[in-house]
Amino acid sequence: MIPPQLLLASNNAGKLAEFRALLAPLGCAVLAQGDLQIPEAAEPFDTFLENALAKARHASALAGMPALADDSGLCVPALGGAPGVQSARYAGEPRSDARNNALLLERLHAGLDRSAWFACTLVLVNHPEDPDPLVAQGRWPGRIVEAPRGDGGFGYDPLFEPVATSLFEPVPSGLTAAQLAPAVKNAISHRALALQGLVAALRGRSA
């Protein structure tokens, strides 16, 4: 069963907008943890899965309601998988998309493989001690362009050019994620794919 209301364990305005757009057609309203004065959870782990689970349990415990957590980031094989779980803080605190993008371009110097992917892990818990949380993952392949392009999206979107594969057709050729219309991005992104898996799992449990 798809709950009528979920708490999103994030204060990221870009993520909140995307999840609201993705879940609205399913009749699910998304609250932001900041609206309930819930502080952000620590993210000390080395994997998206562990961090997402910690955030979901933290938010659910303080709100007393089901919580959905997303941990996602950009993985660049030429940089050993970085920025990875440190994507939002790649250039340190305070968080800055512009500084993160600049550091990525600095480290991904000429001659390195520019292939990359966005990864997303979603975890939904019905309560803080939920022994069987729902987990779904999505991966969006692409490459890092040489300079930012586009004003939409957030994070590394201006540097990320999706690539077409048999699983991701159609992809507008030559456009970065920041140049895609929101409706297009929300249909093919890593979060969209993870959410599709989450919704399928929810429906499977209610069958």
# chains A, B, ... in the order shown; residues from 1 in each chain; ligands from 1
>>> residues_around(residues="A:Tyr156", least_positions_apart="5", cutoff="9 Å", atoms="only C-alpha atoms", output="ChimeraX atom specification")
/A:73-74,87,97-98,100-101,148,177-178
>>> write_last_selection(atoms="C-alpha atoms", output="PDB file, in the first residue's frame")
ATOM      1  CA  GLY A  73      25.461  11.012  -5.463  1.00  0.00           C
ATOM      2  CA  LEU A  74      27.737  11.090  -8.441  1.00  0.00           C
ATOM      3  CA  SER A  87      28.866  14.395  -3.251  1.00  0.00           C
ATOM      4  CA  ASP A  97      27.181  23.233  -5.755  1.00  0.00           C
ATOM      5  CA  ALA A  98      29.441  25.697  -7.547  1.00  0.00           C
ATOM      6  CA  ASN A 100      31.736  21.033  -5.829  1.00  0.00           C
ATOM      7  CA  ASN A 101      31.476  21.331  -9.598  1.00  0.00           C
ATOM      8  CA  PRO A 148      28.774  23.536 -16.924  1.00  0.00           C
ATOM      9  CA  ALA A 177      20.758  17.026 -16.805  1.00  0.00           C
ATOM     10  CA  ALA A 178      20.504  20.762 -16.100  1.00  0.00           C
TER      11      ALA A 178
END
>>> closest_atom_pairs(of="stretch 69-155 of chain A", to="stretch 13-21 of chain A", cutoff="10 Å", atoms="only C-alpha atoms", output="Markdown table")
| residue | atom | partner | partner_atom | distance |
| --- | --- | --- | --- | --- |
| A:Asp70 | CA | A:Lys15 | CA | 8.7 |
| A:Gly152 | CA | A:Gly14 | CA | 10.0 |
| A:Gly153 | CA | A:Gly14 | CA | 7.0 |
| A:Phe154 | CA | A:Gly14 | CA | 6.3 |
| A:Gly155 | CA | A:Gly14 | CA | 8.7 |
>>> write_last_selection(atoms="C-alpha atoms", output="short mmCIF file (atom, residue, chain, number, x, y, z; two decimals), in the first residue's frame")
data_model
loop_
_atom_site.label_atom_id
_atom_site.label_comp_id
_atom_site.auth_asym_id
_atom_site.auth_seq_id
_atom_site.Cartn_x
_atom_site.Cartn_y
_atom_site.Cartn_z
CA ASP A 70 17.33 9.10 -0.22
CA GLY A 152 17.97 23.67 -14.25
CA GLY A 153 18.32 20.95 -11.67
CA PHE A 154 20.86 21.12 -8.86
CA GLY A 155 24.12 19.59 -7.71
#
>>> closest_residue(among="A:Val85, A:Leu79, A:Ser72, A:Gly197", to="A:Phe45", atoms="only C-alpha atoms")
A:Val85
>>> closest_residue(among="A:Arg57, A:Arg95, A:Arg203, A:Arg149", to="A:His127", atoms="only C-alpha atoms")
A:Arg57
>>> closest_residue(among="A:His58, A:Cys28, A:Ala82, A:Gln196", to="A:Ala41", atoms="only C-alpha atoms")
A:His58
>>> closest_residue(among="A:Asp71, A:Leu8, A:Phe48, A:Ala56", to="A:Leu36", atoms="only C-alpha atoms")
A:Leu8
>>> select_by_dssp(residues="stretch 31-92 of chain A", states="strand (DSSP E)", output="JSON, numbers by chain")
{"A": [31, 32, 67, 68, 69, 70, 71, 72, 73, 74, 75]}
>>> write_last_selection(atoms="C-alpha atoms", output="compact mmCIF listing (two decimals), in the first residue's frame")
# COMPACT_ATOMS: atom_id res chain seq x y z
CA LEU A 31 6.55 16.51 3.91
CA ALA A 32 10.01 17.90 4.48
CA ALA A 67 9.85 8.18 6.52
CA LEU A 68 11.55 8.02 3.16
CA ALA A 69 15.25 8.67 2.87
CA ASP A 70 17.33 9.10 -0.22
CA ASP A 71 21.07 8.92 -0.35
CA SER A 72 22.45 9.63 -3.74
CA GLY A 73 25.46 11.01 -5.46
CA LEU A 74 27.74 11.09 -8.44
CA CYS A 75 30.23 8.28 -8.97
>>> select_by_dssp(residues="chain A", states="helix (DSSP H, G or I)", output="PDB file with C-alpha atoms, in the first residue's frame")
ATOM      1  CA  ALA A  13      14.953  21.759  -1.768  1.00  0.00           C
ATOM      2  CA  GLY A  14      15.851  20.225  -5.122  1.00  0.00           C
ATOM      3  CA  LYS A  15      15.252  16.677  -3.903  1.00  0.00           C
ATOM      4  CA  LEU A  16      12.006  17.696  -2.200  1.00  0.00           C
ATOM      5  CA  ALA A  17      10.675  19.221  -5.420  1.00  0.00           C
ATOM      6  CA  GLU A  18      11.605  16.108  -7.411  1.00  0.00           C
ATOM      7  CA  PHE A  19      10.013  13.684  -4.961  1.00  0.00           C
ATOM      8  CA  ARG A  20       6.845  15.747  -4.723  1.00  0.00           C
ATOM      9  CA  ALA A  21       6.576  15.746  -8.506  1.00  0.00           C
ATOM     10  CA  LEU A  22       7.270  12.020  -8.719  1.00  0.00           C
ATOM     11  CA  LEU A  23       4.902  10.952  -5.930  1.00  0.00           C
ATOM     12  CA  ALA A  24       2.009  13.382  -6.485  1.00  0.00           C
ATOM     13  CA  PRO A  25       0.469  11.263  -9.282  1.00  0.00           C
ATOM     14  CA  LEU A  26       0.332   8.363  -6.800  1.00  0.00           C
ATOM     15  CA  GLN A  33      11.696  17.095   7.777  1.00  0.00           C
ATOM     16  CA  GLY A  34      12.624  20.747   8.139  1.00  0.00           C
ATOM     17  CA  ASP A  35       8.942  21.663   8.281  1.00  0.00           C
ATOM     18  CA  LEU A  36       8.756  19.630  11.495  1.00  0.00           C
ATOM     19  CA  PHE A  48      24.498   5.075   0.097  1.00  0.00           C
ATOM     20  CA  LEU A  49      22.472   2.230   1.630  1.00  0.00           C
ATOM     21  CA  GLU A  50      23.784   2.631   5.171  1.00  0.00           C
ATOM     22  CA  ASN A  51      23.368   6.406   5.119  1.00  0.00           C
ATOM     23  CA  ALA A  52      19.841   6.232   3.709  1.00  0.00           C
ATOM     24  CA  LEU A  53      18.765   3.730   6.358  1.00  0.00           C
ATOM     25  CA  ALA A  54      20.227   5.859   9.156  1.00  0.00           C
ATOM     26  CA  LYS A  55      18.432   8.962   7.864  1.00  0.00           C
ATOM     27  CA  ALA A  56      15.093   7.184   7.485  1.00  0.00           C
ATOM     28  CA  ARG A  57      15.179   5.738  11.008  1.00  0.00           C
ATOM     29  CA  HIS A  58      16.226   9.091  12.484  1.00  0.00           C
ATOM     30  CA  ALA A  59      13.396  11.025  10.823  1.00  0.00           C
ATOM     31  CA  SER A  60      10.772   8.395  11.588  1.00  0.00           C
ATOM     32  CA  ALA A  61      11.759   8.294  15.250  1.00  0.00           C
ATOM     33  CA  LEU A  62      11.406  12.045  15.676  1.00  0.00           C
ATOM     34  CA  ALA A  63       8.240  12.430  13.598  1.00  0.00           C
ATOM     35  CA  PRO A  77      35.290   5.620 -11.822  1.00  0.00           C
ATOM     36  CA  ALA A  78      38.390   7.610 -12.852  1.00  0.00           C
ATOM     37  CA  LEU A  79      38.329   9.219  -9.388  1.00  0.00           C
ATOM     38  CA  GLY A  84      30.252   9.233  -4.073  1.00  0.00           C
ATOM     39  CA  VAL A  85      28.667   9.537  -0.636  1.00  0.00           C
ATOM     40  CA  GLN A  86      30.507  12.846  -0.187  1.00  0.00           C
ATOM     41  CA  SER A  87      28.866  14.395  -3.251  1.00  0.00           C
ATOM     42  CA  ALA A  88      27.076  17.174  -1.358  1.00  0.00           C
ATOM     43  CA  ARG A  89      30.200  18.028   0.660  1.00  0.00           C
ATOM     44  CA  ASP A  97      27.181  23.233  -5.755  1.00  0.00           C
ATOM     45  CA  ALA A  98      29.441  25.697  -7.547  1.00  0.00           C
ATOM     46  CA  ARG A  99      32.537  24.748  -5.527  1.00  0.00           C
ATOM     47  CA  ASN A 100      31.736  21.033  -5.829  1.00  0.00           C
ATOM     48  CA  ASN A 101      31.476  21.331  -9.598  1.00  0.00           C
ATOM     49  CA  ALA A 102      34.679  23.332  -9.836  1.00  0.00           C
ATOM     50  CA  LEU A 103      36.602  20.774  -7.758  1.00  0.00           C
ATOM     51  CA  LEU A 104      35.276  17.906  -9.850  1.00  0.00           C
ATOM     52  CA  LEU A 105      36.458  19.570 -13.060  1.00  0.00           C
ATOM     53  CA  GLU A 106      39.836  20.340 -11.483  1.00  0.00           C
ATOM     54  CA  ARG A 107      40.391  16.718 -10.479  1.00  0.00           C
ATOM     55  CA  ASP A 157      23.399  18.384 -13.120  1.00  0.00           C
ATOM     56  CA  PRO A 158      25.181  21.090 -15.193  1.00  0.00           C
ATOM     57  CA  LEU A 159      28.176  18.760 -15.673  1.00  0.00           C
ATOM     58  CA  ALA A 177      20.758  17.026 -16.805  1.00  0.00           C
ATOM     59  CA  ALA A 178      20.504  20.762 -16.100  1.00  0.00           C
ATOM     60  CA  GLN A 179      19.265  21.357 -19.665  1.00  0.00           C
ATOM     61  CA  PRO A 182      11.930  18.704 -15.348  1.00  0.00           C
ATOM     62  CA  ALA A 183       9.344  16.252 -16.686  1.00  0.00           C
ATOM     63  CA  VAL A 184      11.975  14.570 -18.838  1.00  0.00           C
ATOM     64  CA  LYS A 185      14.497  14.349 -16.025  1.00  0.00           C
ATOM     65  CA  ASN A 186      11.870  12.991 -13.643  1.00  0.00           C
ATOM     66  CA  ALA A 187      11.139  10.183 -16.102  1.00  0.00           C
ATOM     67  CA  ILE A 188      14.704   8.926 -16.598  1.00  0.00           C
ATOM     68  CA  HIS A 190      18.389   7.738 -10.954  1.00  0.00           C
ATOM     69  CA  ARG A 191      15.739   8.886  -8.472  1.00  0.00           C
ATOM     70  CA  ALA A 192      12.952   8.098 -10.954  1.00  0.00           C
ATOM     71  CA  LEU A 193      14.309   4.588 -11.478  1.00  0.00           C
ATOM     72  CA  ALA A 194      14.734   3.983  -7.748  1.00  0.00           C
ATOM     73  CA  LEU A 195      11.242   5.292  -7.094  1.00  0.00           C
ATOM     74  CA  GLN A 196       9.781   2.984  -9.735  1.00  0.00           C
ATOM     75  CA  GLY A 197      11.349   0.082  -7.871  1.00  0.00           C
ATOM     76  CA  LEU A 198      10.047   1.374  -4.528  1.00  0.00           C
ATOM     77  CA  VAL A 199       6.500   1.771  -5.828  1.00  0.00           C
ATOM     78  CA  ALA A 200       6.601  -1.731  -7.339  1.00  0.00           C
ATOM     79  CA  ALA A 201       7.752  -3.115  -3.984  1.00  0.00           C
ATOM     80  CA  LEU A 202       4.980  -1.243  -2.134  1.00  0.00           C
ATOM     81  CA  ARG A 203       2.360  -2.575  -4.515  1.00  0.00           C
ATOM     82  CA  GLY A 204       3.783  -6.059  -4.179  1.00  0.00           C
ATOM     83  CA  ARG A 205       3.444  -5.958  -0.410  1.00  0.00           C
ATOM     84  CA  SER A 206      -0.192  -4.860  -0.664  1.00  0.00           C
TER      85      SER A 206
END
>>> closest_residue(among="A:Val135, A:Glu93, A:Met65, A:Ile144", to="A:His109", atoms="only C-alpha atoms")
A:Ile144
>>> closest_residue(among="A:Ala42, A:Ser189, A:Pro66, A:Val145", to="A:Leu124", atoms="only C-alpha atoms")
A:Pro66
>>> atom_distance(atom1="atom CA of A:Gly81", atom2="atom CA of A:Leu108")
11.9 Å
